[in-house]
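What follows is a short report on a single structure.
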Amino acid sequence: MNDLITTSLVQPDPTLDACLATNEAAGLRSIDVAPNEGKLYYLFAKMIAAKRILEVGTLGGYSAIWFAKAVSPLHGKVITLELSPDIAAVATENVARAGFASTVEIRVGAALDTLAAMEAEGVEKFDLIFLDADKANNANYLAYALRFAKKGTVIIVDNVVRQGRVLTDQDAPEQGIRDAFELLKNEKRVECTAVQTVGPKDWDGFAVARVVD
Ligand code: SAH
Ligand code: MG
């Protein structure tokens with residue numbers, strides 16, 4: 001079914017295919033967003049005419065390229081944060097091949113450090129923020145996301161469900177997700193929901209929030 005959705009509705013893009021092939025050759029785990037999910041986030045970005053997007057968790061740049069496709073007609077910017085220099089090098093290659101070297105800026109380091117540096121630099125607010133790195137830090141990333149947000153900013157938290165386990169599993173990554181839900185629940189600045197998905201990444205899910213002021 002997911003293949004049917006993708007072949008019917010997600011136009012083939014050689015640069016995205018090349019990105020996945022390069023990731024595989026480089027030995028990266030295939031934990032990128034699924035093609036139809038990448039397209040969904042691209043559509044979210046277009047729906048709000050996002051010009052500035054922040055991503056936490058680059059991997060090979062597959063989702064960053066989707067976001068770059070959404071913002072590039074508006075001369076927008078995608079800043080994406082990656083812990084590993086080796087992984088960031090693969091993303092740099094993929095992003096350049098896709099023609100988005102000047103749209104996508106990859107910052108290497110632990111995201112809590114790069115986010116702190118960006119805050120100290122007085123970084124401009126973002127229209128869309130995508131949290132997709134180490135799940136244990138989701139609540140911390142969310143706190144930054146709220147500080148980097150303005151009215152109307154969309155915050156997406158990826159993989160809030162993994163194999164449908166979020167409600168039962170007590171291990172640390174899921175705790176990060178629970179903390180993030182708790183924060184979202186109590187945060188007056190956002191309205192939020194979460195959706196479970198089924199597809200090539202198995203039983204998954206994401207939360208989406210809109211900053212109200
Ligand atoms: N958004 C990507 C997938 C990201 S996978 C896509 O859909 O294509 C998660 C990435 O987060 C991995 O590459 C991992 O190295 C990175 N990561 C893990 N911990 C991190 C941290 N503390 N800071 C920044 N990146 C981190
Ligand atoms: Mg993800």
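Naming works like this for the structure tokens: A, B, ... for the chains as they're shown, residue 1 at the start of each chain, ligands 1 onward in shown order.
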>> For Lys135 (chain A), find every residue with an atom within 9 Å (counting only C-alpha atoms), except residues of its own chain fewer than 4 positions away, and show them as a PyMOL selection string.
In response: chain A and resi 131+139+158-160+172-177
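Selection of all polymer residues within 10 Å of ligand 2 on the basis of only C-alpha atoms and all ligand atoms gives Ser30, Ile31, Asp32, Val33, Ala34, Glu37, Gly38, Gly57, Thr58, Leu59, Ser63, Phe130, Leu131, Asp132, Ala133, Asp134, Lys135, Val157, Asp158, Asn159, Val160, Arg162, Lys201, Asp204, Gly205 and Phe206 of chain A.
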>> as a PyMOL selection string, please: the residues near Phe100 (chain A) (cut-off 9 Å, only C-alpha atoms, same-chain neighbours under 3 positions excluded).
In response: chain A and resi 65+68-69+72+94-97+103-104
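For the set A:Leu54, A:Val71, A:Val90, A:Ala136, the residue with the smallest atom-to-atom gap to Val123 (chain A) is A:Leu54, counting only C-alpha atoms.
Taking only C-alpha atoms into account, Asp179 (chain A) lies nearest to A:Ala143 out of the set A:Ile129, A:Ala143, A:Ile106, A:Ala21.
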> Just how far from CA of Phe67 (chain A) is CA of Arg52 (chain A), in Å to one decimal?
Replying inline: 9.5 Å
I'd like the neighbourhood of Pro85 (chain A) as a tab-separated table (two decimals) with N, CA and C atoms, in the first residue's frame, where a residue qualifies if any of its atoms comes within 9 Å (using only C-alpha atoms), though same-chain residues fewer than 4 positions away should be ignored.
```tsv
chain	number	residue	atom	x	y	z
A	89	ALA	N	29.20	14.78	6.60
A	89	ALA	CA	29.91	14.82	5.31
A	89	ALA	C	29.08	14.17	4.21
A	90	VAL	N	28.40	13.08	4.56
A	90	VAL	CA	27.52	12.42	3.58
A	90	VAL	C	26.36	13.36	3.21
A	108	VAL	N	27.56	21.03	12.60
A	108	VAL	CA	28.02	19.78	13.20
A	108	VAL	C	28.27	19.96	14.69
A	109	GLY	N	27.81	18.99	15.47
A	109	GLY	CA	28.04	19.01	16.91
A	109	GLY	C	26.81	18.50	17.63
```
>> Env of Pro200 (chain A): 10 Å cut, atoms = only C-alpha atoms, seq-sep filter 5 positions within chain, self excluded. Answer as an MDAnalysis selection string.
In response: chainID A and resid 1:3 33:36
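Remark: for Glu187 (chain A), the closest of the candidate residues A:Ile155, A:Leu81, A:Pro14, A:Val211 is A:Val211 (distances computed over only C-alpha atoms).
Pairwise distance (CA of Asn138 (chain A), CA of Ala180 (chain A)) equals 5.8 Å.
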Residues near Asp213 (chain A), cut-off 12 Å, only C-alpha atoms, skip fewer than 2 positions along chain, as a CSV table (one decimal) with all heavy atoms, in the first residue's frame:
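Heads up, here's the output in part-v1.csv:
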```
chain,number,residue,atom,x,y,z
A,146,LEU,N,10.6,26.3,21.1
A,146,LEU,CA,9.7,27.3,21.5
A,146,LEU,C,10.3,28.7,21.6
A,146,LEU,O,9.7,29.7,21.2
A,146,LEU,CB,9.1,26.9,22.8
A,146,LEU,CG,8.1,25.8,22.7
A,146,LEU,CD1,7.8,25.2,24.1
A,146,LEU,CD2,6.8,26.2,22.1
A,147,ARG,N,11.6,28.7,22.0
A,147,ARG,CA,12.3,30.0,22.0
A,147,ARG,C,12.7,30.5,20.6
A,147,ARG,O,12.8,31.7,20.4
A,147,ARG,CB,13.6,29.9,22.9
A,147,ARG,CG,13.3,29.6,24.3
A,147,ARG,CD,14.4,30.1,25.2
A,147,ARG,NE,15.6,29.3,25.1
A,147,ARG,CZ,15.8,28.1,25.7
A,147,ARG,NH1,14.8,27.6,26.5
A,147,ARG,NH2,17.0,27.5,25.6
A,149,ALA,N,10.7,30.1,18.1
A,149,ALA,CA,9.5,30.1,17.3
A,149,ALA,C,8.8,31.5,17.5
A,149,ALA,O,9.0,32.2,18.4
A,149,ALA,CB,8.5,29.0,17.8
A,150,LYS,N,7.9,31.7,16.5
A,150,LYS,CA,7.0,32.9,16.6
A,150,LYS,C,5.6,32.5,16.3
A,150,LYS,O,5.4,31.3,16.1
A,150,LYS,CB,7.5,33.9,15.5
A,150,LYS,CG,7.4,33.3,14.1
A,150,LYS,CD,8.2,34.2,13.1
A,150,LYS,CE,8.2,33.5,11.8
A,150,LYS,NZ,9.0,34.2,10.8
A,151,LYS,N,4.6,33.4,16.4
A,151,LYS,CA,3.2,33.0,16.1
A,151,LYS,C,3.1,32.3,14.8
A,151,LYS,O,3.6,32.9,13.8
A,151,LYS,CB,2.4,34.3,16.1
A,151,LYS,CG,0.9,33.9,15.9
A,151,LYS,CD,0.0,35.2,16.1
A,151,LYS,CE,-1.4,34.7,15.8
A,151,LYS,NZ,-2.4,35.8,16.0
A,152,GLY,N,2.5,31.1,14.7
A,152,GLY,CA,2.3,30.4,13.5
A,152,GLY,C,3.4,29.4,13.2
A,152,GLY,O,3.3,28.6,12.2
A,153,THR,N,4.5,29.4,13.9
A,153,THR,CA,5.6,28.4,13.7
A,153,THR,C,5.0,27.0,13.9
A,153,THR,O,4.3,26.8,14.8
A,153,THR,CB,6.8,28.7,14.6
A,153,THR,OG1,7.4,29.9,14.3
A,153,THR,CG2,7.8,27.5,14.5
A,154,VAL,N,5.4,26.1,13.0
A,154,VAL,CA,5.0,24.7,13.1
A,154,VAL,C,6.1,23.9,13.6
A,154,VAL,O,7.3,24.1,13.1
A,154,VAL,CB,4.5,24.2,11.7
A,154,VAL,CG1,4.3,22.7,11.7
A,154,VAL,CG2,3.2,24.9,11.3
A,187,GLU,N,2.0,23.3,27.6
A,187,GLU,CA,2.6,24.6,27.0
A,187,GLU,C,1.4,25.4,26.4
A,187,GLU,O,0.8,25.0,25.5
A,187,GLU,CB,3.6,24.2,25.9
A,187,GLU,CG,4.2,25.4,25.2
A,187,GLU,CD,4.8,26.4,26.1
A,187,GLU,OE1,5.7,26.1,26.9
A,187,GLU,OE2,4.3,27.6,26.1
A,188,LYS,N,1.2,26.5,27.0
A,188,LYS,CA,0.1,27.4,26.6
A,188,LYS,C,0.3,28.0,25.2
A,188,LYS,O,-0.6,28.4,24.5
A,188,LYS,CB,-0.1,28.5,27.6
A,188,LYS,CG,-0.4,28.1,29.0
A,188,LYS,CD,-1.9,27.8,29.1
A,188,LYS,CE,-2.3,27.4,30.5
A,188,LYS,NZ,-1.6,26.1,31.0
A,189,ARG,N,1.6,28.0,24.8
A,189,ARG,CA,1.9,28.6,23.5
A,189,ARG,C,1.6,27.8,22.3
A,189,ARG,O,1.8,28.2,21.1
A,189,ARG,CB,3.4,29.0,23.4
A,189,ARG,CG,3.8,30.3,24.3
A,189,ARG,CD,5.2,30.7,24.1
A,189,ARG,NE,5.5,31.2,22.7
A,189,ARG,CZ,6.6,31.1,22.1
A,189,ARG,NH1,7.7,30.6,22.7
A,189,ARG,NH2,6.8,31.6,20.9
A,190,VAL,N,1.3,26.5,22.5
A,190,VAL,CA,1.1,25.7,21.3
A,190,VAL,C,-0.3,25.0,21.3
A,190,VAL,O,-0.9,24.7,22.4
A,190,VAL,CB,2.1,24.6,21.1
A,190,VAL,CG1,3.5,25.1,21.0
A,190,VAL,CG2,2.1,23.5,22.3
A,191,GLU,N,-0.8,24.7,20.1
A,191,GLU,CA,-1.9,23.7,20.0
A,191,GLU,C,-1.3,22.6,19.2
A,191,GLU,O,-0.5,22.8,18.3
A,191,GLU,CB,-3.1,24.3,19.3
A,191,GLU,CG,-2.9,25.2,18.1
A,191,GLU,CD,-4.1,25.9,17.6
A,191,GLU,OE1,-5.1,25.8,18.3
A,191,GLU,OE2,-4.0,26.6,16.6
A,210,ARG,N,1.4,23.9,16.6
A,210,ARG,CA,1.4,25.2,16.0
A,210,ARG,C,1.5,26.2,17.1
A,210,ARG,O,0.8,26.1,18.1
A,210,ARG,CB,0.1,25.5,15.2
A,210,ARG,CG,0.0,26.9,14.7
A,210,ARG,CD,-1.3,27.1,13.9
A,210,ARG,NE,-1.5,28.5,13.6
A,210,ARG,CZ,-1.9,29.4,14.4
A,210,ARG,NH1,-2.4,29.1,15.6
A,210,ARG,NH2,-2.0,30.7,14.0
A,211,VAL,N,2.4,27.1,17.0
A,211,VAL,CA,2.7,28.1,18.0
A,211,VAL,C,1.6,29.2,17.9
A,211,VAL,O,1.5,29.8,16.8
A,211,VAL,CB,4.1,28.6,18.0
A,211,VAL,CG1,4.3,29.8,19.0
A,211,VAL,CG2,5.1,27.5,18.2
```
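Minimum distance to ligand 1 across A:Ser8, A:Thr15, A:Tyr62, A:Ala25 (counting only C-alpha atoms and all ligand atoms) occurs at A:Tyr62.
Of the listed residues A:Ala26, A:Ala64, A:Ile48, A:Leu16, the one whose atoms come nearest to ligand 1 is A:Ala64, with distances taken using only C-alpha atoms and all ligand atoms.
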>> I'd like the interatomic distance between CA of Leu43 (chain A) and atom 16 (C, counted along the ligand's line) of ligand 1, to a tenth of an Å.
In response: 23.4 Å
